[in-house]
file work-v3.cif (mmCIF, C-alpha atoms)
data_protein
loop_
_atom_site.label_atom_id
_atom_site.label_comp_id
_atom_site.auth_asym_id
_atom_site.auth_seq_id
_atom_site.Cartn_x
_atom_site.Cartn_y
_atom_site.Cartn_z
CA MET A 1 0.00 0.00 0.00
CA ARG A 2 1.46 3.32 -1.16
CA ARG A 3 1.98 5.83 1.65
CA GLN A 4 0.09 9.10 1.18
CA ILE A 5 2.12 12.27 1.46
CA PRO A 6 0.41 14.73 3.84
CA PRO A 7 -0.69 18.04 2.26
CA VAL A 8 1.78 20.03 4.33
CA SER A 9 4.62 17.76 3.20
CA ARG A 10 3.52 18.15 -0.42
CA LEU A 11 3.60 21.90 0.02
CA ALA A 12 7.11 21.69 1.45
CA HIS A 13 8.27 19.60 -1.53
CA LEU A 14 6.70 22.03 -3.99
CA ALA A 15 8.23 25.01 -2.18
CA ALA A 16 11.68 23.42 -2.37
CA ALA A 17 11.16 22.73 -6.08
CA ALA A 18 10.08 26.33 -6.60
CA LEU A 19 13.20 27.67 -4.91
CA THR A 20 15.36 25.42 -7.08
CA LEU A 21 13.56 26.65 -10.20
CA LEU A 22 14.03 30.29 -9.25
CA ALA A 23 17.73 29.74 -8.48
CA THR A 24 18.20 28.04 -11.85
CA ALA A 25 16.47 30.91 -13.63
CA ALA A 26 18.63 33.47 -11.85
CA ALA A 27 21.79 31.57 -12.76
CA ALA A 28 20.68 31.32 -16.39
CA ALA A 29 20.00 35.05 -16.51
CA ALA A 30 23.45 35.86 -15.14
CA ALA A 31 25.30 33.35 -17.31
CA PRO A 32 25.29 35.35 -20.58
CA GLN A 33 27.02 38.31 -18.97
CA GLN A 34 29.68 36.12 -17.45
CA ALA A 35 30.25 34.21 -20.68
CA GLY A 36 30.43 37.40 -22.71
CA ALA A 37 33.10 39.07 -20.61
CA ALA A 38 35.91 40.41 -22.76
CA VAL A 39 39.30 38.81 -22.26
CA PRO A 40 42.71 40.01 -23.50
CA VAL A 41 43.68 38.56 -26.87
CA ASN A 42 47.10 36.98 -27.32
CA VAL A 43 47.82 38.34 -30.80
CA THR A 44 50.97 36.32 -31.45
CA GLY A 45 49.20 33.23 -30.10
CA VAL A 46 46.42 33.74 -32.65
CA LEU A 47 48.91 34.31 -35.49
CA SER A 48 51.10 31.33 -34.55
CA ALA A 49 48.53 28.97 -36.07
CA PHE A 50 49.35 30.35 -39.52
CA PRO A 51 52.87 29.46 -40.77
CA ASP A 52 52.47 31.75 -43.77
CA LEU A 53 52.45 34.69 -41.33
CA ALA A 54 55.46 33.50 -39.32
CA VAL A 55 57.81 36.34 -40.35
CA PHE A 56 55.21 39.04 -39.68
CA THR A 57 54.43 37.42 -36.32
CA ARG A 58 58.13 37.44 -35.42
CA LEU A 59 58.45 41.11 -36.38
CA LEU A 60 55.46 41.98 -34.23
CA GLY A 61 56.68 39.94 -31.26
CA SER A 62 60.16 41.50 -31.30
CA SER A 63 58.85 45.08 -31.42
CA PRO A 64 57.35 47.30 -28.68
CA VAL A 65 54.04 47.18 -30.58
CA LEU A 66 53.04 43.87 -29.00
CA ALA A 67 53.06 45.36 -25.49
CA GLU A 68 50.99 48.31 -26.73
CA LEU A 69 48.27 45.92 -27.86
CA ALA A 70 47.82 44.51 -24.37
CA GLY A 71 44.43 45.41 -22.97
CA ARG A 72 43.08 46.68 -26.29
CA SER A 73 40.06 45.19 -28.00
CA SER A 74 38.11 45.80 -31.20
CA LEU A 75 41.18 45.66 -33.43
CA THR A 76 41.88 44.76 -37.05
CA LEU A 77 45.37 43.52 -37.88
CA LEU A 78 46.63 43.84 -41.45
CA ALA A 79 49.05 40.91 -41.63
CA VAL A 80 51.49 40.47 -44.52
CA PRO A 81 52.22 36.87 -45.67
CA ASN A 82 55.83 35.74 -45.83
CA GLY A 83 55.97 35.87 -49.62
CA ASN A 84 54.74 39.46 -49.72
CA LEU A 85 57.26 40.90 -47.26
CA PRO A 86 60.43 42.63 -48.47
CA ARG A 87 63.69 40.80 -47.87
CA SER A 88 64.61 43.26 -45.14
CA PRO A 89 61.53 44.93 -43.63
CA SER A 90 63.70 47.21 -41.46
CA ALA A 91 65.65 48.47 -44.47
CA PHE A 92 62.41 48.91 -46.40
CA ALA A 93 60.97 51.06 -43.62
CA ALA A 94 64.18 53.08 -43.25
CA ALA A 95 64.29 53.76 -47.00
CA SER A 96 60.82 55.30 -46.64
CA GLY A 97 61.96 57.47 -43.76
CA ALA A 98 59.95 55.50 -41.21
CA ASP A 99 60.71 53.33 -38.22
CA LEU A 100 59.75 49.65 -38.51
CA ALA A 101 57.77 49.78 -35.26
CA ASP A 102 55.70 52.66 -36.67
CA VAL A 103 55.12 50.73 -39.89
CA LEU A 104 53.79 47.84 -37.80
CA ARG A 105 51.62 50.25 -35.79
CA TYR A 106 50.21 51.43 -39.11
CA HIS A 107 48.96 47.86 -39.67
CA VAL A 108 46.88 47.87 -36.47
CA LEU A 109 43.47 49.45 -37.04
CA LEU A 110 41.67 50.63 -33.91
CA GLU A 111 38.36 49.22 -35.13
CA TYR A 112 37.03 45.72 -35.66
CA LEU A 113 36.38 45.17 -39.39
CA SER A 114 34.98 41.85 -40.55
CA PRO A 115 34.65 40.85 -44.24
CA ALA A 116 30.97 41.77 -43.99
CA ASP A 117 31.94 45.25 -42.76
CA LEU A 118 34.29 45.67 -45.73
CA ARG A 119 31.52 44.80 -48.17
CA ARG A 120 29.32 47.50 -46.63
CA LEU A 121 31.89 50.28 -47.05
CA PRO A 122 30.64 53.40 -48.83
CA ALA A 123 32.03 54.21 -52.27
CA SER A 124 34.17 56.99 -50.78
CA GLY A 125 35.74 54.55 -48.34
CA LYS A 126 36.16 54.81 -44.57
CA LEU A 127 38.89 56.59 -42.64
CA VAL A 128 40.11 54.30 -39.84
CA THR A 129 42.61 55.35 -37.18
CA THR A 130 45.67 53.15 -36.64
CA LEU A 131 47.89 52.59 -33.63
CA PHE A 132 50.44 54.90 -35.25
CA GLN A 133 48.12 57.88 -34.66
CA THR A 134 48.49 57.38 -30.89
CA THR A 135 52.24 58.10 -31.00
CA GLY A 136 51.76 61.81 -31.62
CA ARG A 137 54.17 61.64 -34.58
CA ALA A 138 51.50 61.53 -37.26
CA PRO A 139 50.72 64.98 -38.68
CA ALA A 140 47.00 65.75 -39.00
CA ASP A 141 45.10 62.52 -39.79
CA LEU A 142 47.99 60.78 -41.58
CA GLY A 143 48.01 58.24 -38.76
CA ALA A 144 44.83 56.83 -40.27
CA VAL A 145 44.21 54.73 -43.38
CA ASN A 146 41.46 54.96 -45.95
CA VAL A 147 39.77 51.60 -46.48
CA THR A 148 37.90 51.37 -49.78
CA ALA A 149 35.80 48.49 -51.10
CA ALA A 150 37.35 46.69 -54.07
CA ALA A 151 34.63 44.21 -55.04
CA PRO A 152 34.13 41.90 -56.78
CA THR A 153 37.68 40.54 -57.02
CA ARG A 154 39.07 41.72 -53.66
CA LEU A 155 37.60 42.75 -50.33
CA ALA A 156 39.20 46.18 -50.02
CA VAL A 157 42.15 48.45 -50.68
CA VAL A 158 43.96 50.14 -47.79
CA ARG A 159 45.89 53.33 -48.51
CA SER A 160 47.31 56.38 -46.80
CA PRO A 161 44.99 59.42 -46.83
CA SER A 162 47.89 61.52 -48.14
CA PRO A 163 47.08 63.19 -51.50
CA SER A 164 50.55 62.33 -52.75
CA PRO A 165 50.45 59.97 -55.77
CA ALA A 166 53.35 58.07 -54.21
CA SER A 167 51.41 57.28 -51.05
CA SER A 168 51.58 53.68 -49.88
CA ASN A 169 48.70 51.25 -50.33
CA ALA A 170 47.91 47.53 -50.12
CA THR A 171 45.12 45.22 -51.23
CA VAL A 172 43.25 43.03 -48.77
CA LEU A 173 43.72 39.46 -49.99
CA GLY A 174 41.19 37.93 -47.63
CA ALA A 175 40.23 37.18 -44.05
CA VAL A 176 42.68 35.00 -42.11
CA THR A 177 40.91 34.51 -38.78
CA ALA A 178 39.02 36.36 -36.10
CA VAL A 179 38.46 36.36 -32.37
CA PRO A 180 34.91 37.61 -32.73
CA TYR A 181 34.46 41.22 -31.86
CA ASN A 182 37.96 41.60 -30.40
CA LEU A 183 40.42 40.84 -33.20
CA SER A 184 40.03 40.52 -36.96
CA VAL A 185 43.08 39.42 -38.97
CA LEU A 186 43.14 40.35 -42.66
CA ALA A 187 45.92 39.41 -45.09
CA VAL A 188 47.28 42.24 -47.26
CA ASP A 189 49.67 42.03 -50.21
CA GLY A 190 52.41 44.28 -48.81
CA LEU A 191 53.62 46.62 -46.10
CA ILE A 192 51.95 50.02 -45.90
CA VAL A 193 54.19 52.93 -44.92
CA PRO A 194 52.66 55.95 -43.15
CA SER A 195 52.95 59.23 -45.06
CA GLY A 196 54.35 62.43 -43.62
CA PHE A 197 56.50 60.70 -41.02
CA ASP A 198 57.90 63.34 -38.68
CA LEU A 199 61.62 62.57 -38.44
CA ALA A 200 62.14 65.49 -36.07
CA ALA A 201 59.64 64.15 -33.57
CA SER A 202 60.85 62.35 -30.47
CA GLU A 203 60.87 58.57 -30.60
CA THR A 204 59.49 58.56 -27.08
CA ARG A 205 55.76 58.09 -26.88
CA PRO A 206 53.96 60.91 -25.04
CA SER A 207 53.74 60.31 -21.32
CA PRO A 208 50.16 60.11 -20.03
CA ALA A 209 51.30 62.03 -16.95
CA ALA A 210 52.17 64.99 -19.18
CA GLY A 211 48.54 65.31 -20.30
CA VAL A 212 47.09 65.24 -23.78
CA ASN A 213 46.23 68.51 -25.47
CA ILE A 214 42.71 67.78 -26.77
CA THR A 215 42.49 71.11 -28.63
CA ARG A 216 45.69 70.38 -30.55
CA ILE A 217 44.53 66.87 -31.41
CA LEU A 218 41.30 68.24 -32.89
CA ALA A 219 43.08 71.04 -34.74
CA ASP A 220 45.62 68.64 -36.25
CA ALA A 221 42.84 66.31 -37.40
CA ARG A 222 41.63 69.13 -39.72
CA ALA A 223 37.94 68.17 -39.74
CA PHE A 224 37.27 69.57 -36.23
CA ASN A 225 38.04 73.28 -36.57
CA VAL A 226 34.73 74.42 -35.04
CA ALA A 227 35.02 72.05 -32.07
CA ALA A 228 38.65 73.06 -31.48
CA SER A 229 37.77 76.77 -31.62
CA MET A 230 34.84 76.40 -29.21
CA LEU A 231 36.96 74.36 -26.83
CA GLU A 232 39.76 76.91 -26.82
CA ALA A 233 37.40 79.89 -26.41
CA SER A 234 35.40 78.25 -23.60
CA GLY A 235 38.32 77.69 -21.26
CA VAL A 236 37.19 74.15 -20.38
CA ALA A 237 40.14 72.52 -22.16
CA GLY A 238 42.09 72.75 -18.91
CA GLU A 239 39.30 70.83 -17.14
CA PHE A 240 39.58 68.03 -19.67
CA GLU A 241 43.34 67.72 -19.20
CA ALA A 242 42.91 67.70 -15.42
CA ASP A 243 40.29 64.96 -15.72
CA GLU A 244 42.67 62.76 -17.75
CA ARG A 245 44.23 61.68 -14.47
CA GLY A 246 42.61 58.76 -12.72
CA ALA A 247 39.95 57.06 -14.82
CA GLY A 248 40.77 59.14 -17.91
CA ILE A 249 38.32 60.69 -20.36
CA THR A 250 36.44 59.86 -23.55
CA VAL A 251 35.67 62.78 -25.87
CA PHE A 252 32.98 62.78 -28.57
CA ALA A 253 34.01 65.43 -31.10
CA PRO A 254 31.48 66.62 -33.70
CA THR A 255 32.98 67.19 -37.14
CA ASP A 256 32.75 70.50 -38.97
CA ASP A 257 30.04 68.91 -41.13
CA ALA A 258 28.08 68.09 -37.97
CA PHE A 259 28.11 71.75 -36.93
CA ALA A 260 27.20 72.83 -40.47
CA GLY A 261 24.23 70.46 -40.35
CA LEU A 262 22.67 72.07 -37.28
CA PRO A 263 19.16 73.43 -37.99
CA ALA A 264 18.83 77.20 -38.20
CA GLY A 265 16.77 77.33 -34.99
CA ASP A 266 19.23 75.56 -32.71
CA ARG A 267 20.70 78.86 -31.37
CA LEU A 268 23.78 77.02 -30.09
CA GLN A 269 26.20 79.79 -31.03
CA SER A 270 24.00 82.40 -29.33
CA LEU A 271 24.15 80.68 -25.94
CA PRO A 272 25.97 82.42 -23.09
CA ALA A 273 29.52 81.26 -22.48
CA ASP A 274 28.61 79.25 -19.37
CA ARG A 275 25.90 77.34 -21.29
CA LYS A 276 28.27 76.62 -24.18
CA ALA A 277 30.66 75.18 -21.60
CA VAL A 278 27.87 72.85 -20.42
CA VAL A 279 27.34 71.61 -23.99
CA LEU A 280 31.08 70.96 -24.38
CA ARG A 281 31.24 69.05 -21.08
CA PHE A 282 28.24 67.06 -22.29
CA HIS A 283 30.51 65.60 -25.00
CA VAL A 284 32.91 64.03 -22.46
CA LEU A 285 32.74 60.90 -20.30
CA HIS A 286 34.87 60.88 -17.16
CA SER A 287 36.36 57.49 -17.94
CA TYR A 288 38.62 56.10 -20.66
CA TYR A 289 36.65 53.90 -23.05
CA PRO A 290 38.34 52.54 -26.19
CA LEU A 291 35.99 51.74 -29.06
CA GLY A 292 35.67 48.07 -28.11
CA SER A 293 34.51 49.00 -24.61
CA LEU A 294 31.88 51.39 -25.94
CA GLU A 295 30.60 48.69 -28.27
CA SER A 296 30.14 46.31 -25.36
CA ILE A 297 29.17 48.67 -22.56
CA VAL A 298 26.78 47.07 -20.06
CA ASN A 299 25.05 50.16 -18.66
CA PRO A 300 24.03 52.30 -21.66
CA VAL A 301 23.17 55.40 -19.59
CA GLN A 302 26.45 57.18 -18.93
CA PRO A 303 26.99 60.41 -16.92
CA THR A 304 29.08 63.13 -18.58
CA LEU A 305 31.31 65.86 -17.21
CA ALA A 306 28.22 68.10 -17.36
CA THR A 307 26.56 65.73 -14.87
CA GLU A 308 29.23 66.63 -12.33
CA PHE A 309 28.16 70.27 -12.48
CA SER A 310 24.51 69.32 -12.07
CA ASN A 311 22.51 66.65 -10.27
CA ALA A 312 22.89 62.91 -10.71
CA GLY A 313 20.76 61.60 -13.56
CA ARG A 314 20.95 64.82 -15.59
CA PHE A 315 23.02 65.44 -18.73
CA THR A 316 23.50 61.73 -19.45
CA LEU A 317 24.15 59.95 -22.75
CA ASN A 318 22.53 56.70 -23.85
CA ILE A 319 25.23 54.67 -25.62
CA THR A 320 24.24 51.53 -27.49
CA ARG A 321 25.30 49.42 -30.42
CA ALA A 322 23.12 49.73 -33.53
CA ASN A 323 23.64 48.57 -37.13
CA GLY A 324 27.30 47.80 -36.58
CA SER A 325 28.11 51.21 -35.07
CA VAL A 326 28.11 52.88 -31.68
CA ALA A 327 24.98 55.02 -31.36
CA ILE A 328 24.68 57.95 -28.94
CA ASP A 329 21.23 59.24 -27.99
CA THR A 330 20.86 62.49 -26.05
CA GLY A 331 17.08 62.45 -25.94
CA VAL A 332 17.07 65.15 -28.61
CA VAL A 333 19.49 63.93 -31.30
CA GLN A 334 20.85 60.53 -32.28
CA ALA A 335 24.47 60.43 -33.44
CA THR A 336 26.95 57.71 -34.33
CA ILE A 337 30.69 57.36 -33.90
CA THR A 338 32.23 57.66 -37.35
CA ARG A 339 35.89 57.03 -36.52
CA THR A 340 38.57 57.03 -33.85
CA VAL A 341 40.58 60.27 -33.81
CA PHE A 342 42.90 59.45 -30.91
CA ASP A 343 43.19 56.49 -28.57
CA GLN A 344 45.95 56.27 -26.02
CA ASN A 345 45.12 55.43 -22.44
CA PRO A 346 43.91 57.50 -20.58
CA VAL A 347 42.40 59.55 -23.46
CA ALA A 348 40.11 58.48 -26.30
CA VAL A 349 38.71 60.92 -28.88
CA PHE A 350 36.00 59.84 -31.33
CA ALA A 351 34.39 61.69 -34.22
CA VAL A 352 30.59 61.82 -34.03
CA SER A 353 28.13 62.52 -36.82
CA LYS A 354 26.09 65.14 -34.96
CA VAL A 355 26.48 67.78 -32.27
CA LEU A 356 25.27 66.26 -28.98
CA LEU A 357 22.56 68.56 -27.65
CA PRO A 358 21.30 67.80 -24.11
CA LYS A 359 17.56 67.48 -23.58
CA GLU A 360 17.93 69.65 -20.47
CA MET A 361 18.73 72.61 -22.74
CA PHE A 362 17.17 71.78 -26.11
CA THR A 363 13.94 70.31 -27.37
CA ARG A 364 12.82 68.94 -30.72
CA THR A 365 9.81 70.46 -32.43
CA GLU A 366 8.24 69.16 -35.62
CA GLY A 367 7.79 71.60 -38.48
CA GLY A 368 4.68 71.63 -40.62
CA GLY A 369 4.35 70.20 -44.11
CA ASP A 370 7.56 68.91 -45.59
CA SER A 371 9.85 70.86 -43.29
CA SER A 372 12.24 68.83 -41.21
CA SER A 373 12.52 68.73 -37.45
CA VAL A 374 13.96 71.83 -35.85
CA ILE A 375 15.93 71.79 -32.63
CA ALA A 376 15.19 74.88 -30.59
CA ALA A 377 16.89 76.06 -27.43
CA THR A 378 14.56 75.91 -24.46
CA ALA A 379 14.07 78.58 -21.86
CA ALA A 380 16.46 76.67 -19.66
CA ALA A 381 19.27 77.73 -21.98
CA SER A 382 19.08 81.28 -20.72
CA SER A 383 19.13 80.30 -17.08
CA PRO A 384 22.33 79.66 -15.12
CA PRO A 385 23.52 76.07 -14.92
CA PRO A 386 22.14 74.10 -11.97
CA ALA A 387 24.24 74.06 -8.85
CA ALA A 388 26.40 71.05 -8.28
CA ALA A 389 25.14 68.43 -5.86
CA THR A 390 26.37 69.18 -2.36
CA ALA A 391 26.11 65.72 -0.84
CA PRO A 392 29.45 63.89 -1.12
CA GLU A 393 27.71 60.62 -1.89
CA ALA A 394 25.72 62.10 -4.77
CA SER A 395 28.73 63.91 -6.16
CA GLU A 396 30.86 60.79 -6.16
CA SER A 397 28.17 58.63 -7.73
CA ALA A 398 27.60 61.18 -10.46
CA ARG A 399 31.32 61.50 -11.08
CA THR A 400 32.13 57.84 -11.60
CA PRO A 401 30.49 56.10 -14.56
CA PRO A 402 29.90 52.35 -14.49
CA THR A 403 33.02 50.50 -15.60
CA LYS A 404 31.71 46.94 -15.86
CA LEU A 405 32.06 45.95 -19.50
CA SER A 406 31.30 42.79 -21.41
CA SER A 407 31.23 41.71 -25.03
CA PRO A 408 27.85 42.02 -26.73
CA PRO A 409 25.97 38.88 -27.78
CA ALA A 410 25.78 39.91 -31.45
CA LEU A 411 29.06 39.25 -33.26
CA ARG A 412 29.71 40.99 -36.53
CA GLY A 413 30.80 39.09 -39.58
CA GLY A 414 29.38 35.70 -38.77
CA GLY A 415 26.92 33.70 -36.80
CA GLN A 416 23.43 34.65 -35.85
CA GLU A 417 22.58 38.22 -34.95
CA TYR A 418 20.65 38.43 -31.70
CA ASP A 419 18.40 41.32 -30.89
CA THR A 420 19.11 42.08 -27.24
CA ALA A 421 15.99 44.25 -27.01
CA SER A 422 13.76 41.24 -27.65
CA ALA A 423 15.56 38.93 -25.23
CA PRO A 424 13.70 38.32 -21.94
CA ALA A 425 15.08 40.34 -19.07
CA PRO A 426 16.08 38.54 -15.84
CA TRP A 427 13.15 40.10 -13.94
CA ALA A 428 10.75 38.84 -16.63
CA THR A 429 12.11 35.32 -16.21
CA GLY A 430 11.55 35.59 -12.45
CA TRP A 431 7.89 36.57 -12.87
CA TRP A 432 7.30 33.63 -15.22
CA CYS A 433 8.76 31.33 -12.57
CA ILE A 434 6.56 32.82 -9.84
CA ALA A 435 3.47 32.35 -12.03
CA LEU A 436 4.44 28.73 -12.67
CA VAL A 437 4.95 28.06 -8.96
CA TYR A 438 1.56 29.61 -8.20
CA LEU A 439 -0.15 27.31 -10.69
CA LEU A 440 1.58 24.31 -9.14
CA LEU A 441 0.64 25.28 -5.60
CA LEU A 442 -2.98 26.27 -6.30
CA PRO A 443 -4.44 22.70 -6.37
CA GLN A 444 -2.56 21.84 -3.20
CA LEU A 445 -3.83 24.90 -1.37
CA ARG A 446 -7.39 23.85 -2.11
CA LEU A 447 -6.74 20.49 -0.47
CA VAL A 448 -5.36 21.99 2.74
#
call {"tool": "encode", "arguments": {"input": "work-v3.cif", "output": "structure tokens"}}
result
Amino acid sequence: MRRQIPPVSRLAHLAAAALTLLATAAAAAAAPQQAGAAVPVNVTGVLSAFPDLAVFTRLLGSSPVLAELAGRSSLTLLAVPNGNLPRSPSAFAAASGADLADVLRYHVLLEYLSPADLRRLPASGKLVTTLFQTTGRAPADLGAVNVTAAAPTRLAVVRSPSPSPASSNATVLGAVTAVPYNLSVLAVDGLIVPSGFDLAASETRPSPAAGVNITRILADARAFNVAASMLEASGVAGEFEADERGAGITVFAPTDDAFAGLPAGDRLQSLPADRKAVVLRFHVLHSYYPLGSLESIVNPVQPTLATEFSNAGRFTLNITRANGSVAIDTGVVQATITRTVFDQNPVAVFAVSKVLLPKEMFTRTEGGGDSSSVIAATAAASSPPPAAATAPEASESARTPPTKLSSPPALRGGGQEYDTASAPAPWATGWWCIALVYLLLLPQLRLV
């Protein structure tokens, strides 16, 4: 005769099962973040699996470039096969007036480019910053390369942006391998030499302790004259350099085209000096984020330097990944990062497609008929900036942005693309579990 389990005992068993179910759901919800955590990539370890790249791997491993790659993510390496290298790479670089280490730096792109990304390049190409730009020895934007699609026979052509007809270039032969989202290795048919190499410049890389002159970086990049002028006139450039210490800074610099594209009613230039300073601070995060970290940032809502002069939760940027790019939403405008201008810890400077206008100072109004949206300054623009938070706890929390980063679930260039917005949130999973437990317990409660 089978022994009957008392109702109370059945309830206890069901309660234990419910707790187990909830614990399992919580672990499953946390697992993707743990699995997606970015890890340093051993570049020479990745290349060692390809004997045809042995000479290039040896050159990279014996140079100071390898140490500079430590801790970086979202990279594309232009690797030259053994048969395409000159007999003496050092002599080849010296004949071009360049140092071999700088030539190798010129083959490290500070952006992850998969074959699919290359096929989507615009006809005019894409300007991509290289590791050489971070040395401070590249005049203007000659530390970048122009990557142009070369379909249907080849993936792309990589060349110096120098207008000189003798500028160096190479053809992408194909994709070698990839550590998804962190490192893409492309084979090219020869070494690319940076143009305009400054022989008079010091071979010593700039010391982070000396500070990075953001205004000079923007002025040298040529496409940021308006931003550089506003920064110099505002007097906040010194604040940026002071904030480089510690966690560092990330600057979003609108291009001259972005300023030219402002609607006539924005009234940005007519703002008082103190309000212009707020807008400039709104373009800066008080933490160093290379491009790979921005692409995989966990908390999309990030405080800016303007937040530190206001209350917590104000003057924030929403940073997400959309359509293969980093998107920045201010609540008024949506911009994208178009390229890396400068990236050397503790400072990162990125070009953005639009001027970032804070919703606390601007609002969007729809025009009638076929007229486009107009961004108009609100009444708040004429008022003095809000006083900084006085409580030490609030000030500190507003000053320090979240630093927990992880790789995103969607990997470019292969595999299935997952829409993170449609994935169930952990709290949603918990409510489903509670509903299931309730349905299991309901018949038992009626028996008690």
call {"tool": "resolve_selection", "arguments": {"input": "work-v3.cif", "expression": "the PyMOL selection byres ((chain A and resi 182) around 7)", "output": "ChimeraX atom specification"}}
result
/A:73-75,112,179-181,183-184
call {"tool": "resolve_selection", "arguments": {"input": "work-v3.cif", "expression": "the PyMOL selection byres ((chain A and resi 213-217) around 9)", "output": "PyMOL selection string"}}
result
chain A and resi 136+140+211-212+218-221+227-229+231-232+237-238+240-241+251+341-342+347+349
call {"tool": "residues_around", "arguments": {"input": "work-v3.cif", "residues": "Ala335 in chain A", "least_positions_apart": "3", "cutoff": "7 Å", "atoms": "only C-alpha atoms", "output": "PyMOL selection string"}}
result
chain A and resi 327-329+352-354
call {"tool": "closest_residue", "arguments": {"input": "work-v3.cif", "among": "A:Gly97, A:Val65, A:Leu104, A:Ser114", "to": "Gly190 in chain A", "atoms": "all atoms listed in the file"}}
result
A:Leu104
call {"tool": "atom_distance", "arguments": {"input": "work-v3.cif", "atom1": "CA of Pro139 in chain A", "atom2": "CA of Glu295 in chain A"}}
result
27.9 Å
call {"tool": "resolve_selection", "arguments": {"input": "work-v3.cif", "expression": "the PyMOL selection byres ((chain A and resi 334) around 12)", "output": "PyMOL selection string"}}
result
chain A and resi 258+317-320+322+326-333+335-337+352-359+364
call {"tool": "atom_distance", "arguments": {"input": "work-v3.cif", "atom1": "CA of Val188 in chain A", "atom2": "CA of Gln344 in chain A"}}
result
25.5 Å
call {"tool": "atom_distance", "arguments": {"input": "work-v3.cif", "atom1": "CA of Ala312 in chain A", "atom2": "CA of Glu360 in chain A"}}
result
12.9 Å
call {"tool": "closest_residue", "arguments": {"input": "work-v3.cif", "among": "A:Val279, A:Ala178, A:Leu305, A:Leu291", "to": "Phe362 in chain A", "atoms": "all atoms listed in the file"}}
result
A:Val279
call {"tool": "residues_around", "arguments": {"input": "work-v3.cif", "residues": "range 124-127 of chain A", "least_positions_apart": "5", "cutoff": "10 Å", "atoms": "all atoms listed in the file", "output": "MDAnalysis selection string"}}
result
chainID A and resid 118 141 144:150 156:161 338:341
call {"tool": "residues_around", "arguments": {"input": "work-v3.cif", "residues": "Leu173 in chain A", "least_positions_apart": "5", "cutoff": "9 Å", "atoms": "all atoms listed in the file", "output": "compact mmCIF listing (two decimals) with C-alpha atoms, in the frame of the given file"}}
result
# COMPACT_ATOMS: atom_id res chain seq x y z
CA ARG A 154 39.07 41.72 -53.66
CA LEU A 155 37.60 42.75 -50.33
CA ALA A 156 39.20 46.18 -50.02
CA LEU A 186 43.14 40.35 -42.66
CA ALA A 187 45.92 39.41 -45.09
CA VAL A 188 47.28 42.24 -47.26
CA ASP A 189 49.67 42.03 -50.21
call {"tool": "closest_residue", "arguments": {"input": "work-v3.cif", "among": "A:Ala49, A:Val301, A:Leu69, A:Val80", "to": "Thr134 in chain A", "atoms": "only C-alpha atoms"}}
result
A:Leu69
call {"tool": "residues_around", "arguments": {"input": "work-v3.cif", "residues": "Asp256 in chain A", "least_positions_apart": "5", "cutoff": "8 Å", "atoms": "all atoms listed in the file", "output": "list of chain:residue names"}}
result
A:Ala223, A:Phe224, A:Asn225, A:Val226, A:Ala227
call {"tool": "write_last_selection", "arguments": {"input": "work-v3.cif", "atoms": "C-alpha atoms", "output": "mmCIF file, keeping the file's coordinate frame"}}
result
data_model
loop_
_atom_site.group_PDB
_atom_site.id
_atom_site.type_symbol
_atom_site.label_atom_id
_atom_site.label_comp_id
_atom_site.auth_asym_id
_atom_site.auth_seq_id
_atom_site.Cartn_x
_atom_site.Cartn_y
_atom_site.Cartn_z
ATOM 1 C CA ALA A 223 37.940 68.170 -39.740
ATOM 2 C CA PHE A 224 37.270 69.570 -36.230
ATOM 3 C CA ASN A 225 38.040 73.280 -36.570
ATOM 4 C CA VAL A 226 34.730 74.420 -35.040
ATOM 5 C CA ALA A 227 35.020 72.050 -32.070
#
